[in-house]
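Source file structure12.txt; content: compact mmCIF, C-alpha atoms (C1' of nucleotides).
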```
# COMPACT_ATOMS: atom_id res chain seq x y z
CA MET R 1 7.78 -33.91 -68.72
CA VAL R 2 8.07 -33.76 -72.50
CA ILE R 3 11.36 -34.54 -74.15
CA ASP R 4 11.80 -33.65 -77.77
CA ASP R 5 15.21 -35.01 -78.47
CA VAL R 6 17.54 -36.44 -75.91
CA ARG R 7 21.01 -35.17 -75.34
CA TRP R 8 22.60 -38.29 -73.94
CA LEU R 9 25.52 -38.15 -71.57
CA ASP R 10 28.83 -38.31 -73.33
CA GLU R 11 31.61 -40.54 -72.10
CA GLN R 12 33.10 -38.04 -69.71
CA GLU R 13 29.75 -37.10 -68.24
CA MET R 14 28.81 -40.74 -67.91
CA ALA R 15 32.01 -41.58 -66.05
CA ALA R 16 31.40 -38.81 -63.54
CA TRP R 17 27.71 -39.49 -63.17
CA HIS R 18 27.85 -43.24 -62.87
CA SER R 19 30.57 -43.29 -60.24
CA PHE R 20 28.70 -40.61 -58.33
CA VAL R 21 25.31 -42.34 -58.21
CA VAL R 22 26.55 -45.77 -57.38
CA SER R 23 29.04 -44.78 -54.74
CA GLY R 24 26.61 -42.18 -53.43
CA MET R 25 24.01 -44.83 -52.77
CA HIS R 26 26.51 -46.98 -50.93
CA LEU R 27 27.80 -43.99 -49.03
CA PHE R 28 24.47 -42.79 -47.71
CA ALA R 29 23.54 -46.34 -46.79
CA ALA R 30 26.79 -46.79 -44.87
CA LEU R 31 26.51 -43.51 -42.98
CA ASP R 32 22.96 -44.35 -42.04
CA ARG R 33 23.91 -47.82 -40.89
CA ASP R 34 26.73 -46.57 -38.68
CA LEU R 35 24.54 -44.06 -36.88
CA ARG R 36 21.71 -46.54 -36.48
CA ASP R 37 23.90 -49.25 -35.11
CA SER R 38 25.59 -47.13 -32.50
CA LEU R 39 22.96 -44.59 -31.46
CA ASP R 40 19.67 -45.55 -33.06
CA LEU R 41 19.70 -42.38 -35.13
CA THR R 42 18.93 -41.98 -38.80
CA LEU R 43 21.24 -39.89 -40.94
CA LEU R 44 18.29 -37.54 -41.19
CA ASP R 45 17.84 -37.55 -37.41
CA HIS R 46 21.44 -36.59 -37.01
CA GLY R 47 21.12 -33.76 -39.46
CA ILE R 48 18.05 -32.47 -37.69
CA LEU R 49 19.74 -32.75 -34.31
CA LEU R 50 22.72 -30.79 -35.57
CA MET R 51 20.56 -28.03 -36.91
CA LEU R 52 18.56 -27.82 -33.71
CA CYS R 53 21.80 -27.69 -31.75
CA ASN R 54 22.93 -24.70 -33.75
CA THR R 55 19.56 -22.98 -33.47
CA PRO R 56 18.51 -22.71 -29.81
CA GLU R 57 15.47 -20.65 -30.72
CA GLY R 58 14.08 -23.64 -32.58
CA LEU R 59 13.10 -24.47 -36.13
CA THR R 60 9.76 -25.02 -37.78
CA MET R 61 8.81 -28.29 -39.44
CA GLY R 62 8.62 -26.58 -42.78
CA HIS R 63 12.09 -25.16 -42.44
CA LEU R 64 13.50 -28.57 -41.62
CA ALA R 65 11.63 -30.28 -44.45
CA GLN R 66 12.88 -27.72 -46.89
CA GLN R 67 16.42 -28.04 -45.58
CA PHE R 68 16.60 -31.77 -46.19
CA GLY R 69 14.41 -32.07 -49.24
CA THR R 70 11.95 -34.46 -47.63
CA GLU R 71 8.20 -34.50 -47.25
CA ALA R 72 6.88 -32.51 -44.33
CA SER R 73 5.23 -35.62 -42.93
CA VAL R 74 8.58 -37.32 -42.58
CA ILE R 75 9.82 -34.48 -40.41
CA THR R 76 6.69 -34.60 -38.31
CA TYR R 77 7.26 -38.28 -37.71
CA ARG R 78 10.98 -37.94 -36.96
CA ILE R 79 10.41 -35.09 -34.52
CA GLN R 80 7.64 -37.01 -32.79
CA ARG R 81 10.03 -39.88 -32.33
CA MET R 82 12.72 -37.58 -30.97
CA GLU R 83 10.22 -35.96 -28.68
CA SER R 84 9.22 -39.34 -27.27
CA ARG R 85 12.88 -40.02 -26.63
CA GLY R 86 13.25 -36.71 -24.87
CA LEU R 87 15.66 -35.31 -27.42
CA ALA R 88 13.49 -32.41 -28.54
CA VAL R 89 10.33 -30.56 -27.63
CA ARG R 90 7.70 -28.80 -29.72
CA HIS R 91 5.59 -25.77 -29.11
CA ARG R 92 3.33 -23.63 -31.17
CA ASN R 93 4.36 -20.17 -32.16
CA ARG R 94 2.37 -17.46 -30.41
CA ARG R 95 2.34 -15.07 -33.31
CA ASP R 96 1.45 -17.52 -36.04
CA ARG R 97 -0.30 -20.48 -34.53
CA ARG R 98 0.11 -22.58 -37.66
CA LEU R 99 3.84 -22.79 -36.96
CA VAL R 100 5.33 -25.43 -34.71
CA ALA R 101 8.90 -24.97 -33.62
CA ALA R 102 11.11 -27.82 -32.48
CA THR R 103 13.74 -27.09 -29.87
CA ILE R 104 16.54 -29.27 -28.63
CA THR R 105 16.65 -30.47 -25.02
CA PRO R 106 19.71 -31.05 -22.83
CA ALA R 107 19.34 -34.76 -23.55
CA GLY R 108 19.24 -33.92 -27.22
CA GLU R 109 22.47 -31.99 -26.89
CA SER R 110 24.19 -34.91 -25.18
CA MET R 111 22.99 -37.17 -27.92
CA CYS R 112 24.32 -34.75 -30.48
CA ASN R 113 27.67 -34.64 -28.72
CA ALA R 114 27.77 -38.41 -28.55
CA ALA R 115 26.92 -38.68 -32.21
CA GLY R 116 29.63 -36.29 -33.30
CA PRO R 117 32.65 -38.56 -32.96
CA VAL R 118 30.79 -41.57 -34.33
CA HIS R 119 29.60 -39.68 -37.36
CA VAL R 120 32.91 -38.00 -38.06
CA ALA R 121 34.68 -41.33 -37.92
CA SER R 122 32.06 -42.72 -40.28
CA VAL R 123 32.48 -39.83 -42.69
CA ARG R 124 36.24 -40.21 -42.66
CA ARG R 125 36.15 -43.93 -43.17
CA HIS R 126 33.59 -43.97 -45.97
CA PHE R 127 34.38 -40.70 -47.69
CA MET R 128 37.11 -38.36 -46.56
CA ASP R 129 39.86 -40.97 -46.36
CA HIS R 130 39.45 -41.62 -50.07
CA VAL R 131 39.31 -38.01 -51.26
CA PRO R 132 42.62 -36.27 -51.98
CA ARG R 133 42.81 -32.89 -50.33
CA SER R 134 43.33 -31.25 -53.68
CA ALA R 135 39.84 -32.32 -54.71
CA LEU R 136 38.08 -30.75 -51.72
CA PRO R 137 37.68 -27.25 -53.16
CA VAL R 138 36.23 -28.69 -56.35
CA ILE R 139 33.76 -30.84 -54.43
CA ALA R 140 32.73 -27.91 -52.28
CA LYS R 141 32.23 -25.68 -55.26
CA VAL R 142 30.34 -28.18 -57.38
CA PHE R 143 27.92 -29.28 -54.70
CA SER R 144 27.26 -25.88 -53.27
CA GLY R 145 26.46 -24.86 -56.82
CA ILE R 146 24.00 -27.71 -57.07
CA TYR R 147 22.58 -26.79 -53.71
CA THR R 148 22.03 -23.24 -54.83
CA ALA R 149 20.29 -24.40 -57.98
CA GLN R 150 18.02 -26.66 -55.95
CA ASN R 151 16.76 -23.72 -53.94
CA GLU R 152 15.79 -21.54 -56.84
CA THR R 153 12.57 -20.91 -58.67
CA MET Z 1 33.06 -48.67 -32.91
CA VAL Z 2 35.65 -47.31 -30.45
CA ILE Z 3 37.02 -43.85 -30.97
CA ASP Z 4 40.05 -42.80 -28.98
CA ASP Z 5 40.38 -39.21 -29.97
CA VAL Z 6 38.41 -37.51 -32.66
CA ARG Z 7 39.98 -35.82 -35.61
CA TRP Z 8 37.28 -33.33 -36.47
CA LEU Z 9 36.81 -32.05 -39.97
CA ASP Z 10 38.72 -28.88 -40.68
CA GLU Z 11 37.14 -25.98 -42.46
CA GLN Z 12 37.97 -27.14 -45.95
CA GLU Z 13 36.80 -30.67 -45.30
CA MET Z 14 33.63 -29.37 -43.72
CA ALA Z 15 32.83 -27.17 -46.68
CA ALA Z 16 33.17 -30.09 -49.07
CA TRP Z 17 31.36 -32.56 -46.86
CA HIS Z 18 28.46 -30.39 -45.88
CA SER Z 19 27.63 -29.27 -49.38
CA PHE Z 20 27.91 -32.84 -50.57
CA VAL Z 21 25.56 -34.40 -47.98
CA VAL Z 22 22.89 -31.78 -48.14
CA SER Z 23 22.73 -31.45 -51.89
CA GLY Z 24 23.18 -35.20 -52.26
CA MET Z 25 20.05 -35.83 -50.24
CA HIS Z 26 18.07 -33.37 -52.33
CA LEU Z 27 19.51 -34.80 -55.50
CA PHE Z 28 18.63 -38.41 -54.84
CA ALA Z 29 15.17 -37.37 -53.71
CA ALA Z 30 14.64 -35.39 -56.91
CA LEU Z 31 15.85 -38.16 -59.22
CA ASP Z 32 13.61 -40.62 -57.45
CA ARG Z 33 10.63 -38.32 -57.67
CA ASP Z 34 11.04 -37.73 -61.39
CA LEU Z 35 11.19 -41.44 -62.20
CA ARG Z 36 8.28 -42.25 -59.91
CA ASP Z 37 6.08 -39.54 -61.31
CA SER Z 38 6.58 -40.42 -64.94
CA LEU Z 39 7.08 -44.19 -64.95
CA ASP Z 40 6.38 -45.50 -61.46
CA LEU Z 41 9.98 -46.58 -61.10
CA THR Z 42 12.24 -46.10 -58.13
CA LEU Z 43 15.75 -44.83 -58.69
CA LEU Z 44 16.78 -48.28 -57.52
CA ASP Z 45 14.38 -49.94 -59.96
CA HIS Z 46 15.91 -47.99 -62.77
CA GLY Z 47 19.41 -48.99 -61.75
CA ILE Z 48 18.37 -52.63 -61.60
CA LEU Z 49 16.64 -52.39 -64.95
CA LEU Z 50 19.74 -50.89 -66.51
CA MET Z 51 21.94 -53.63 -65.17
CA LEU Z 52 19.56 -56.31 -66.35
CA CYS Z 53 19.47 -54.69 -69.75
CA ASN Z 54 23.22 -54.90 -70.01
CA THR Z 55 23.31 -58.46 -68.77
CA PRO Z 56 21.00 -60.65 -70.86
CA GLU Z 57 22.17 -63.80 -69.09
CA GLY Z 58 20.65 -62.46 -65.88
CA LEU Z 59 21.89 -61.48 -62.44
CA THR Z 60 21.45 -63.05 -59.03
CA MET Z 61 19.75 -61.28 -56.18
CA GLY Z 62 22.98 -61.27 -54.24
CA HIS Z 63 24.86 -59.64 -57.05
CA LEU Z 64 22.28 -56.91 -57.35
CA ALA Z 65 22.15 -56.30 -53.62
CA GLN Z 66 25.90 -56.01 -53.49
CA GLN Z 67 25.92 -53.68 -56.46
CA PHE Z 68 23.60 -51.15 -54.85
CA GLY Z 69 24.57 -51.59 -51.22
CA THR Z 70 21.09 -52.58 -50.09
CA GLU Z 71 19.72 -55.47 -48.08
CA ALA Z 72 19.03 -58.60 -50.09
CA SER Z 73 15.39 -58.54 -49.07
CA VAL Z 74 14.96 -55.18 -50.75
CA ILE Z 75 16.09 -56.64 -54.03
CA THR Z 76 13.79 -59.62 -53.61
CA TYR Z 77 10.91 -57.23 -53.09
CA ARG Z 78 11.80 -54.98 -56.00
CA ILE Z 79 12.25 -57.88 -58.38
CA GLN Z 80 8.97 -59.40 -57.29
CA ARG Z 81 7.30 -56.12 -58.08
CA MET Z 82 8.97 -55.96 -61.47
CA GLU Z 83 8.04 -59.54 -62.16
CA SER Z 84 4.39 -58.81 -61.41
CA ARG Z 85 4.60 -55.93 -63.87
CA GLY Z 86 6.12 -58.21 -66.48
CA LEU Z 87 9.39 -56.34 -66.60
CA ALA Z 88 11.57 -59.23 -65.46
CA VAL Z 89 11.45 -62.94 -64.80
CA ARG Z 90 13.22 -65.17 -62.31
CA HIS Z 91 14.46 -68.68 -62.51
CA ARG Z 92 16.62 -70.89 -60.37
CA ASN Z 93 20.09 -71.70 -61.47
CA ARG Z 94 20.51 -75.31 -62.60
CA ARG Z 95 24.00 -75.69 -61.22
CA ASP Z 96 23.49 -74.10 -57.85
CA ARG Z 97 19.86 -74.23 -56.89
CA ARG Z 98 20.25 -71.68 -54.13
CA LEU Z 99 20.80 -69.00 -56.74
CA VAL Z 100 17.96 -67.14 -58.40
CA ALA Z 101 18.74 -65.15 -61.50
CA ALA Z 102 16.61 -62.26 -62.72
CA THR Z 103 16.38 -61.66 -66.45
CA ILE Z 104 14.86 -58.76 -68.30
CA THR Z 105 11.84 -59.24 -70.56
CA PRO Z 106 11.01 -57.39 -73.78
CA ALA Z 107 8.58 -55.28 -71.78
CA GLY Z 108 11.38 -54.57 -69.36
CA GLU Z 109 13.57 -53.41 -72.21
CA SER Z 110 10.89 -51.07 -73.51
CA MET Z 111 10.49 -49.68 -70.03
CA CYS Z 112 14.22 -49.19 -69.82
CA ASN Z 113 14.23 -47.40 -73.16
CA ALA Z 114 11.34 -45.23 -72.07
CA ALA Z 115 13.09 -44.42 -68.83
CA GLY Z 116 16.31 -43.39 -70.50
CA PRO Z 117 15.27 -39.98 -71.81
CA VAL Z 118 13.32 -39.15 -68.68
CA HIS Z 119 16.19 -40.03 -66.44
CA VAL Z 120 18.84 -38.31 -68.52
CA ALA Z 121 16.76 -35.15 -68.54
CA SER Z 122 16.42 -35.45 -64.79
CA VAL Z 123 20.14 -35.94 -64.33
CA ARG Z 124 20.92 -32.95 -66.49
CA ARG Z 125 18.44 -30.72 -64.77
CA HIS Z 126 19.37 -31.61 -61.22
CA PHE Z 127 23.05 -32.31 -61.61
CA MET Z 128 24.90 -32.01 -64.87
CA ASP Z 129 23.65 -28.54 -65.78
CA HIS Z 130 25.30 -27.19 -62.66
CA VAL Z 131 28.64 -28.93 -62.96
CA PRO Z 132 31.32 -27.25 -65.05
CA ARG Z 133 32.90 -29.62 -67.50
CA SER Z 134 36.30 -29.03 -65.98
CA ALA Z 135 35.09 -30.64 -62.76
CA LEU Z 136 33.93 -33.87 -64.39
CA PRO Z 137 37.28 -35.69 -64.32
CA VAL Z 138 37.73 -34.83 -60.66
CA ILE Z 139 34.26 -36.09 -59.79
CA ALA Z 140 34.82 -39.27 -61.74
CA LYS Z 141 38.14 -39.90 -60.07
CA VAL Z 142 37.01 -39.13 -56.53
CA PHE Z 143 33.87 -41.21 -56.62
CA SER Z 144 35.31 -44.15 -58.42
CA GLY Z 145 38.00 -44.10 -55.76
CA ILE Z 146 35.30 -44.19 -53.09
CA TYR Z 147 33.54 -46.94 -54.96
CA THR Z 148 36.69 -49.01 -55.08
CA ALA Z 149 37.23 -48.54 -51.36
CA GLN Z 150 33.65 -49.62 -50.67
CA ASN Z 151 34.23 -52.94 -52.37
CA GLU Z 152 37.34 -53.91 -50.44
CA THR Z 153 38.01 -55.89 -47.30
C1' DG Q 1 -16.07 -8.52 -40.17
C1' DG Q 2 -16.01 -12.08 -42.98
C1' DA Q 3 -15.48 -14.82 -47.44
C1' DG Q 4 -11.92 -16.78 -50.01
C1' DA Q 5 -7.26 -18.01 -50.85
C1' DG Q 6 -2.96 -19.51 -49.22
C1' DT Q 7 0.13 -21.54 -45.57
C1' DT Q 8 1.59 -24.92 -42.09
C1' DC Q 9 1.34 -28.92 -39.90
C1' DT Q 10 -0.77 -33.51 -38.90
C1' DT Q 11 -3.03 -37.73 -40.07
C1' DC Q 12 -3.96 -41.81 -42.62
C1' DG Q 13 -3.53 -45.68 -45.85
C1' DA Q 14 -0.47 -47.71 -48.98
C1' DA Q 15 4.15 -48.68 -50.39
C1' DT Q 16 8.76 -49.54 -49.02
C1' DT Q 17 12.65 -50.78 -46.08
C1' DT Q 18 14.62 -52.99 -42.16
C1' DC Q 19 15.61 -56.73 -39.29
C1' DA Q 20 15.57 -61.29 -37.66
C1' DA Q 21 14.41 -65.82 -38.56
C1' DG Q 22 13.89 -69.78 -41.59
C1' DG Q 23 14.28 -73.06 -45.52
C1' DA Q 24 16.80 -74.91 -49.13
C1' DT Q 25 21.06 -75.97 -51.03
C1' DC Q 26 25.97 -76.45 -51.36
C1' DT Q 27 30.93 -77.40 -49.62
C1' DC Q 28 34.07 -79.50 -46.99
C1' DC Q 29 36.08 -82.84 -44.27
C1' DG Q 30 36.30 -86.85 -41.53
C1' DC K 1 28.46 -91.40 -47.08
C1' DG K 2 26.93 -87.96 -43.58
C1' DG K 3 26.72 -84.08 -40.97
C1' DA K 4 28.49 -79.35 -39.57
C1' DG K 5 28.74 -74.98 -41.32
C1' DA K 6 28.32 -71.59 -44.92
C1' DT K 7 25.68 -69.41 -48.59
C1' DC K 8 21.60 -67.57 -50.92
C1' DC K 9 17.14 -66.24 -51.04
C1' DT K 10 12.51 -65.51 -49.04
C1' DT K 11 9.22 -64.39 -45.53
C1' DG K 12 6.76 -61.91 -41.85
C1' DA K 13 6.44 -58.28 -38.60
C1' DA K 14 7.67 -53.81 -37.31
C1' DA K 15 9.44 -49.33 -38.53
C1' DT K 16 9.69 -45.82 -41.82
C1' DT K 17 8.46 -43.10 -45.87
C1' DC K 18 5.30 -41.31 -49.34
C1' DG K 19 1.46 -38.67 -51.02
C1' DA K 20 -3.03 -37.13 -50.60
C1' DA K 21 -6.36 -35.16 -47.83
C1' DG K 22 -7.80 -32.63 -43.86
C1' DA K 23 -7.68 -29.35 -39.85
C1' DA K 24 -6.24 -25.14 -38.04
C1' DC K 25 -4.76 -20.88 -38.81
C1' DT K 26 -3.42 -16.33 -41.16
C1' DC K 27 -3.80 -12.93 -44.67
C1' DT K 28 -6.01 -10.03 -48.14
C1' DC K 29 -9.47 -7.56 -49.96
C1' DC K 30 -13.91 -5.91 -50.22
```

Final structure tokens representation of the file:
Amino acid sequence: MVIDDVRWLDEQEMAAWHSFVVSGMHLFAALDRDLRDSLDLTLLDHGILLMLCNTPEGLTMGHLAQQFGTEASVITYRIQRMESRGLAVRHRNRRDRRLVAATITPAGESMCNAAGPVHVASVRRHFMDHVPRSALPVIAKVFSGIYTAQNET
Amino acid sequence: MVIDDVRWLDEQEMAAWHSFVVSGMHLFAALDRDLRDSLDLTLLDHGILLMLCNTPEGLTMGHLAQQFGTEASVITYRIQRMESRGLAVRHRNRRDRRLVAATITPAGESMCNAAGPVHVASVRRHFMDHVPRSALPVIAKVFSGIYTAQNET
DNA sequence: GGAGAGTTCTTCGAATTTCAAGGATCTCCG
DNA sequence: CGGAGATCCTTGAAATTCGAAGAACTCTCC
């Protein structure tokens, strides 16, 4: 990446950015810790489980990797682990035999249901309880905008 | 953690939360990738380097760990790595010999200066360019509120 | 029908993080 | 003083993640 001349962050940008990064790091660490401690699930595991729960027909590794912005190999590993715990199963697609779809099992659904309350409590305690309701629409708008930008080009 | 009855997220909360987690994961991954690719620095490394730069008298491992919400052993490892690259040095505190303070070196400062433009460009591209200026005060307020809450009790 | 290019997933070694245990030092109180 | 308990950092082993390379497969075009 070549940078001709830098446009540094001004004071207002810096205030927003700095508080976001630092508290974001803490936040993700805390959410992860809570899920690990109580259910031996990563934050990523939980996200995957949720998506599988909402998609009975299954999801491919690539789709999941893309969804969470991780390397494909991380998904492979996570799904293998879930499979060995009986939370998900994999099978190759008949049409395109390169594709592998992961599907949730009944045990996976129970796990997902068990994780729900724990995770929601965690989210409230570490995040939602400290965000005034008036800020919610702004947050939603800003981050969905960022999300959209991430999935372009 | 015991949960009597769950207060699920309502639609507005969900919209804010979901967009935040998903794009947050992508965002941190992208910032990390950019710094790694160009300077072989982790996002965490860069944060540490910045703090050391602003604190010539040095910082203890514990302070750094607390600052970023990581395990102490992670900081030990990161600082060791930096030390082997000549970016920082460590020395025991005279008063309290349990404490180890990390201090930045001239090479560390150059690295920090080199990282600045790269990181700022990364932040702009992945974050700031997609946030309207009017949202900045809200972001700053919300996340510094979360940060404050994280460092209580 | 088959060569070549692109896609999708897995595997592997290296780097990183976690977790539990341990060593050194300090503080406090009898 | 002297020892119990707390604090701070490091270490080692296991789990996880990264990134590159490879295997299996599909698609396109001649």

So that each row is one residue of chain Z with an atom at most 12 Å from chain Q, can you give its shortest atom pair and the distance in Å to one decimal, using only C-alpha atoms (C1' of nucleotides), rows by chain and rising number, as a Markdown table?
```
| residue | atom | partner | partner_atom | distance |
| --- | --- | --- | --- | --- |
| Z:Asp40 | CA | Q:DA15 | C1' | 11.7 |
| Z:Thr42 | CA | Q:DT16 | C1' | 10.3 |
| Z:Leu44 | CA | Q:DT16 | C1' | 11.8 |
| Z:Thr70 | CA | Q:DT17 | C1' | 9.5 |
| Z:Glu71 | CA | Q:DT18 | C1' | 8.2 |
| Z:Ala72 | CA | Q:DT18 | C1' | 10.7 |
| Z:Ser73 | CA | Q:DT17 | C1' | 8.8 |
| Z:Val74 | CA | Q:DT17 | C1' | 6.8 |
| Z:Ile75 | CA | Q:DT17 | C1' | 10.5 |
| Z:Thr76 | CA | Q:DT17 | C1' | 11.7 |
| Z:Tyr77 | CA | Q:DT16 | C1' | 9.0 |
| Z:Arg78 | CA | Q:DT16 | C1' | 9.4 |
| Z:Arg81 | CA | Q:DA15 | C1' | 11.2 |
| Z:Arg92 | CA | Q:DT25 | C1' | 11.5 |
| Z:Asn93 | CA | Q:DT25 | C1' | 11.3 |
| Z:Arg94 | CA | Q:DT25 | C1' | 11.6 |
| Z:Arg95 | CA | Q:DC26 | C1' | 10.1 |
| Z:Asp96 | CA | Q:DC26 | C1' | 7.3 |
| Z:Arg97 | CA | Q:DT25 | C1' | 6.2 |
| Z:Arg98 | CA | Q:DT25 | C1' | 5.4 |
| Z:Leu99 | CA | Q:DT25 | C1' | 9.0 |
| Z:Val100 | CA | Q:DT25 | C1' | 11.9 |
```

Using C-alpha atoms, can you export the residues from the last selection as a short mmCIF file (atom, residue, chain, number, x, y, z; two decimals), in the frame of the given file?
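Generated output (selection_19.cif):
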```cif
data_model
loop_
_atom_site.label_atom_id
_atom_site.label_comp_id
_atom_site.auth_asym_id
_atom_site.auth_seq_id
_atom_site.Cartn_x
_atom_site.Cartn_y
_atom_site.Cartn_z
CA ASP Z 40 6.38 -45.50 -61.46
CA THR Z 42 12.24 -46.10 -58.13
CA LEU Z 44 16.78 -48.28 -57.52
CA THR Z 70 21.09 -52.58 -50.09
CA GLU Z 71 19.72 -55.47 -48.08
CA ALA Z 72 19.03 -58.60 -50.09
CA SER Z 73 15.39 -58.54 -49.07
CA VAL Z 74 14.96 -55.18 -50.75
CA ILE Z 75 16.09 -56.64 -54.03
CA THR Z 76 13.79 -59.62 -53.61
CA TYR Z 77 10.91 -57.23 -53.09
CA ARG Z 78 11.80 -54.98 -56.00
CA ARG Z 81 7.30 -56.12 -58.08
CA ARG Z 92 16.62 -70.89 -60.37
CA ASN Z 93 20.09 -71.70 -61.47
CA ARG Z 94 20.51 -75.31 -62.60
CA ARG Z 95 24.00 -75.69 -61.22
CA ASP Z 96 23.49 -74.10 -57.85
CA ARG Z 97 19.86 -74.23 -56.89
CA ARG Z 98 20.25 -71.68 -54.13
CA LEU Z 99 20.80 -69.00 -56.74
CA VAL Z 100 17.96 -67.14 -58.40
#
```

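Here CA of Phe28 (chain Z) stands at a distance of 17.4 Å from C1' of DT16 (chain K).
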
Give me, as a VMD selection string, the residues of chain K touching chain Z, with the criterion being at most 8 Å (counting all atoms listed in the file).
chain K and resid 8 to 10

Deliver the residues from the most recent selection as a file, using C-alpha atoms (C1' of nucleotides), as a PDB file, in the coordinates of the input.
```pdb
ATOM      1  C1'  DC K   8      21.600 -67.570 -50.920  1.00  0.00           C
ATOM      2  C1'  DC K   9      17.140 -66.240 -51.040  1.00  0.00           C
ATOM      3  C1'  DT K  10      12.510 -65.510 -49.040  1.00  0.00           C
TER       4       DT K  10
END
```

Distance query Ser38 (chain R) at most 10 Å, all atoms listed in the file, self and fewer than 4 positions along chain excluded, as a count of residues only
7

Within 10 Å of Ala107 (chain R) using only C-alpha atoms (C1' of nucleotides), minus same-chain residues under 5 positions, as a list in words
Arg85, Gly86, Leu87, Ala88, Cys112 and Asn113 of chain R

Residue contacts of Val142 (chain Z) (12 Å, all atoms listed in the file) excluding same-chain residues fewer than 4 positions away, as JSON, numbers by chain:
{"R": [15, 16, 17, 18, 19, 20, 23, 24, 127, 128, 129, 130, 131, 132, 133, 134, 135, 136, 138, 139], "Z": [135, 136, 137, 138, 146, 147, 148, 149]}

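Taking CA of Glu83 (chain R) and CA of Ala102 (chain R) as endpoints, the distance between them is 9.0 Å.
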
What is the CA of Ala65 (chain R)-CA of Ile79 (chain R) distance in Å, reported with one decimal?
11.1 Å
